[in-house]
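Down below is the structure, laid out as structure tokens.
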Amino acid sequence: MQENNTNGASTLRQLGWIPFFQQQLSLDEWSDCQPVRVMAVHRSQLDVAGEHGEEPVLVSGALFEDALEKPTVGDWLLLDRQSRRPVRRLERSSLFRRMAPGARQAQLIAANIDNVLIVSSCNHDFNLSRIERYLALVREAGCRACLVLTKADLSDDHEQYIQALKKHRDLPLLLVNGLDPATLQPLRDYCRSGETVALLGSSGVGKSTLLNSLAGSELAATSGIREDDSKGRHTTRHRALYPIPDGGLLLDSPGMRELGLADVSEGLAAEFADIGKLAAACRFSDCAHESEPGCAVQAAIESGELDERRLRNWQKLEREVARNSKTLAETRADDRAFSQFVRKVVQEQARSRKGGE
Ligand SMILES: Nc1nc2c(ncn2[C@@H]2O[C@H](COP(=O)(O)OP(=O)(O)OP(=O)(O)O)[C@@H](O)[C@H]2O)c(=O)[nH]1
Ligand SMILES: [Mg+2]
Ligand SMILES: [Zn+2]
């Protein structure tokens, strides 16, 4: 049974409110403020949901100066009961971010996600290196993950996709027809009331289709994929959280063209723990796993235990994470230096004004 209030609002628990957030509030905040969840982010406005239903909220730049401090989809905010303005953002239990395409900064994707469904389809667009990239992000955030293969109804050869995912036996794998709710029953375990679930995957894999089938209504638009290469048409344009009846909240997002990994070295090491373990057995501690004698990684490739593609992808992602971590550290240092400079100028102006009085 859905515990909705009469006006369609949800209880805080249904919206994902847990003691982790509750214990961040002071007694004064409990009496003066209301917690709300960010359901969607627009240019200067947020759509938030709380015990009293959904409402738009205006955000001023001054409250959240740093780009990474700004509220993102899934964040919890405290609203002043009278003014309906945000007072502050609560600490996050998890955070997804990526390198902003073409920029030297990270970009927020979503916060406070519990579970992630990594969605791929059984067709030409299936890409294992892309799945490994998503998994580095998910493992860094510490979320529970499930691999979902859609369009099982359109493929005669599921085995090749299942085989391709054999290195990920630690993760549940579900083969579904996104258009048939009966095949989605096992997915409901990830979308229980109070859970927040992100659908991640490229355009056209059927993320919005899964959302609609799980919700039992057309909450998001979907459209057909290109015939020639099975790629999607970037139908979903905005990230948003959708409450599903008798369940939790689902995050539908646009299929990302680029998911640049930011400083996720721990997530990357966790995803490629098998290679890390092999590398520890190489004769040389600085082995590049190319043609060095006593290379346990190359030996694993020769014996068929390790796929060369997986090694190449790991090396590529390691370089990417090292490069982006350095860029982010430099950007942080530049920002700090700039803030110090601004503070100094303001202090000097104040001093000279005083002197002139
Ligand atoms: N036969 C079949 N078609 C599916 C399945 N899942 C999705 N589709 C179709 O695939 C197309 C793309 O689905 P969408 O749900 O729009 O894909 P998306 O991942 O949301 O794509 P973007 O919003 O562009 O990121 C639609 O025509 C769906 O009807 C499935 O399991 N079986
Ligand atoms: Mg979509
Ligand atoms: Zn080696």
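Every chain in the structure tokens takes a letter, A first, then B, and so on in the order presented; its residues are numbered from 1, and the ligands are numbered from 1 following the presented order.
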Close residues to ligand 1 using only C-alpha atoms and all ligand atoms, limit 10 Å, as a ChimeraX atom specification: /A:119-122,148-155,175-181,183-184,199-213,220-226,230-239,252-257
Hey, what's within 9 Å of Leu187 (chain A) if we count only C-alpha atoms and toss same-chain stuff fewer than 5 positions away? As a VMD selection string, please? chain A and resid 117 146 148 174 214
Generate the output file for the selected residues, N, CA and C atoms, as a PDB file, in the first residue's frame.
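Result file out19.pdb:
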```
ATOM      1  N   LEU A 117      21.119   0.707 -11.628  1.00  0.00           N
ATOM      2  CA  LEU A 117      20.879  -0.299 -12.656  1.00  0.00           C
ATOM      3  C   LEU A 117      21.714   0.131 -13.864  1.00  0.00           C
ATOM      4  N   CYS A 146      23.338  -3.459 -10.224  1.00  0.00           N
ATOM      5  CA  CYS A 146      22.796  -4.618 -10.926  1.00  0.00           C
ATOM      6  C   CYS A 146      22.960  -4.359 -12.423  1.00  0.00           C
ATOM      7  N   VAL A 148      21.692  -4.811 -16.119  1.00  0.00           N
ATOM      8  CA  VAL A 148      20.421  -5.140 -16.766  1.00  0.00           C
ATOM      9  C   VAL A 148      20.621  -5.178 -18.276  1.00  0.00           C
ATOM     10  N   LEU A 174      20.484  -9.311 -14.966  1.00  0.00           N
ATOM     11  CA  LEU A 174      19.095  -9.603 -15.324  1.00  0.00           C
ATOM     12  C   LEU A 174      18.874  -9.379 -16.805  1.00  0.00           C
ATOM     13  N   LEU A 214       8.083   0.007 -14.928  1.00  0.00           N
ATOM     14  CA  LEU A 214       8.084  -0.191 -13.479  1.00  0.00           C
ATOM     15  C   LEU A 214       7.025   0.690 -12.805  1.00  0.00           C
TER      16      LEU A 214
END
```
Per-residue DSSP, region 69-255 of chain A, filtered to alpha helix (DSSP H), as a count of residues only: 30
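Minimum atom-to-atom distances from A:Thr196, A:Ser352, A:Ser285, A:Asn112 to Leu90 (chain A) were compared using only C-alpha atoms, and the lowest value belongs to A:Asn112.
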May I have a table of the residues of chain A lying at most 9 Å from ligand 3, giving each one's closest pair of atoms and their distance in Å to one decimal, counting only C-alpha atoms and all ligand atoms, ordered by chain and ascending residue number, as JSON lines?
```
{"residue": "A:Leu278", "atom": "CA", "partner": "ligand 3", "partner_atom_place_in_ligand_line": "1 (Zn)", "distance": 7.7}
{"residue": "A:Ala279", "atom": "CA", "partner": "ligand 3", "partner_atom_place_in_ligand_line": "1 (Zn)", "distance": 5.3}
{"residue": "A:Ala280", "atom": "CA", "partner": "ligand 3", "partner_atom_place_in_ligand_line": "1 (Zn)", "distance": 8.2}
{"residue": "A:Ala281", "atom": "CA", "partner": "ligand 3", "partner_atom_place_in_ligand_line": "1 (Zn)", "distance": 7.8}
{"residue": "A:Cys282", "atom": "CA", "partner": "ligand 3", "partner_atom_place_in_ligand_line": "1 (Zn)", "distance": 4.7}
{"residue": "A:Arg283", "atom": "CA", "partner": "ligand 3", "partner_atom_place_in_ligand_line": "1 (Zn)", "distance": 7.2}
{"residue": "A:Phe284", "atom": "CA", "partner": "ligand 3", "partner_atom_place_in_ligand_line": "1 (Zn)", "distance": 7.2}
{"residue": "A:Ser285", "atom": "CA", "partner": "ligand 3", "partner_atom_place_in_ligand_line": "1 (Zn)", "distance": 8.1}
{"residue": "A:Asp286", "atom": "CA", "partner": "ligand 3", "partner_atom_place_in_ligand_line": "1 (Zn)", "distance": 7.9}
{"residue": "A:Cys287", "atom": "CA", "partner": "ligand 3", "partner_atom_place_in_ligand_line": "1 (Zn)", "distance": 4.5}
{"residue": "A:Ala288", "atom": "CA", "partner": "ligand 3", "partner_atom_place_in_ligand_line": "1 (Zn)", "distance": 5.6}
{"residue": "A:His289", "atom": "CA", "partner": "ligand 3", "partner_atom_place_in_ligand_line": "1 (Zn)", "distance": 3.5}
{"residue": "A:Glu290", "atom": "CA", "partner": "ligand 3", "partner_atom_place_in_ligand_line": "1 (Zn)", "distance": 6.9}
{"residue": "A:Ser291", "atom": "CA", "partner": "ligand 3", "partner_atom_place_in_ligand_line": "1 (Zn)", "distance": 8.1}
{"residue": "A:Glu292", "atom": "CA", "partner": "ligand 3", "partner_atom_place_in_ligand_line": "1 (Zn)", "distance": 6.7}
{"residue": "A:Pro293", "atom": "CA", "partner": "ligand 3", "partner_atom_place_in_ligand_line": "1 (Zn)", "distance": 8.1}
{"residue": "A:Gly294", "atom": "CA", "partner": "ligand 3", "partner_atom_place_in_ligand_line": "1 (Zn)", "distance": 7.1}
{"residue": "A:Cys295", "atom": "CA", "partner": "ligand 3", "partner_atom_place_in_ligand_line": "1 (Zn)", "distance": 3.7}
{"residue": "A:Ala296", "atom": "CA", "partner": "ligand 3", "partner_atom_place_in_ligand_line": "1 (Zn)", "distance": 5.3}
{"residue": "A:Val297", "atom": "CA", "partner": "ligand 3", "partner_atom_place_in_ligand_line": "1 (Zn)", "distance": 5.0}
{"residue": "A:Gln298", "atom": "CA", "partner": "ligand 3", "partner_atom_place_in_ligand_line": "1 (Zn)", "distance": 6.4}
{"residue": "A:Ala299", "atom": "CA", "partner": "ligand 3", "partner_atom_place_in_ligand_line": "1 (Zn)", "distance": 8.5}
```
Polymer residues at most 9 Å from Ala145 (chain A), only C-alpha atoms, same-chain spacing of 5 or more positions, as an NGL selection string: :A and (114-118 or 135 or 138-139 or 171-172 or 190)
Taking N, CA and C atoms for each residue, export the selection above as a compact mmCIF listing (two decimals), in the first residue's frame.
```txt
# COMPACT_ATOMS: atom_id res chain seq x y z
N ASP A 114 21.05 5.02 -3.85
CA ASP A 114 21.30 3.76 -3.14
C ASP A 114 21.71 2.66 -4.11
N ASN A 115 20.95 2.52 -5.19
CA ASN A 115 21.17 1.41 -6.12
C ASN A 115 21.33 1.94 -7.54
N VAL A 116 22.10 1.22 -8.33
CA VAL A 116 22.27 1.63 -9.73
C VAL A 116 21.95 0.45 -10.63
N LEU A 117 21.12 0.71 -11.63
CA LEU A 117 20.88 -0.30 -12.66
C LEU A 117 21.71 0.13 -13.86
N ILE A 118 22.70 -0.68 -14.21
CA ILE A 118 23.54 -0.37 -15.37
C ILE A 118 22.91 -1.07 -16.56
N LEU A 135 31.01 1.14 -14.04
CA LEU A 135 31.21 0.41 -12.78
C LEU A 135 32.27 1.08 -11.90
N VAL A 138 30.35 3.70 -10.10
CA VAL A 138 29.41 3.14 -9.13
C VAL A 138 30.14 2.58 -7.92
N ARG A 139 31.27 1.91 -8.17
CA ARG A 139 32.02 1.32 -7.05
C ARG A 139 32.65 2.42 -6.20
N LEU A 171 28.17 -9.31 -9.49
CA LEU A 171 26.99 -8.46 -9.66
C LEU A 171 25.84 -9.27 -10.23
N PRO A 172 24.63 -9.02 -9.75
CA PRO A 172 23.48 -9.70 -10.36
C PRO A 172 23.30 -9.24 -11.80
N TYR A 190 15.18 -3.79 -6.19
CA TYR A 190 16.09 -2.63 -6.09
C TYR A 190 15.31 -1.33 -5.92
```
Any idea what the distance is between CA of Ser10 (chain A) and CA of Ala49 (chain A)? 8.0 Å
Go through A:Ala240, A:Leu15, A:Leu306, A:Leu95 one by one, measure the shortest atom-to-atom distance of each to ligand 2 using only C-alpha atoms and all ligand atoms, and give the residue with the smallest value. A:Ala240
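Using only C-alpha atoms, the nearest neighbour of Ala106 (chain A) within the list A:Leu249, A:Val73, A:Leu79, A:Val321 is A:Val321.
Within the 12 Å cut-off around Ala40 (chain A), using only C-alpha atoms and omitting residues fewer than 6 positions from it on the same chain, the listed residues are A:Leu46, A:Asp47, A:Val48, A:Ala49, A:Glu54, A:Glu55, A:Pro56, A:Val57, A:Pro71, A:Thr72, A:Val73, A:Gly74, A:Asp75, A:Trp76, A:Ile109, A:Ala110, A:Ala111, A:Arg237, A:His238, A:Arg239, A:Ala240, A:Leu241, A:Tyr242, A:Leu250, A:Leu251, A:Asp252, A:Ser253.
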Contact residues around Gln14 (chain A) with only C-alpha atoms at 12 Å, ignoring same-chain residues under 6 positions, as JSON, numbers by chain: {"A": [1, 2, 3, 4, 5, 36, 37, 49, 50, 51, 191, 192, 193, 194, 195, 196, 242, 243, 244, 245, 246, 247, 248, 249, 250]}
Could you give me, as a PyMOL selection string, each residue of region 144-264 of chain A that DSSP assigns to strand (DSSP E or B) when run on this structure's backbone? chain A and resi 144-150+173-175+196-200+240-243+249-252+260
Residues within 12 Å of Asp335 (chain A), only C-alpha atoms, excluding chain neighbours under 3 positions, as a count of residues only: 15
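Near Ser44 (chain A), within 8 Å and counting only C-alpha atoms, sit Leu58, Val59 and Ser60 of chain A, not including residues fewer than 3 positions from it in the same chain.
When CA of Leu268 (chain A) is paired with CA of Trp17 (chain A), their separation reads 29.4 Å.
Taking CA of Arg92 (chain A) and CA of Pro35 (chain A) as the two end points, the separation is 13.5 Å.
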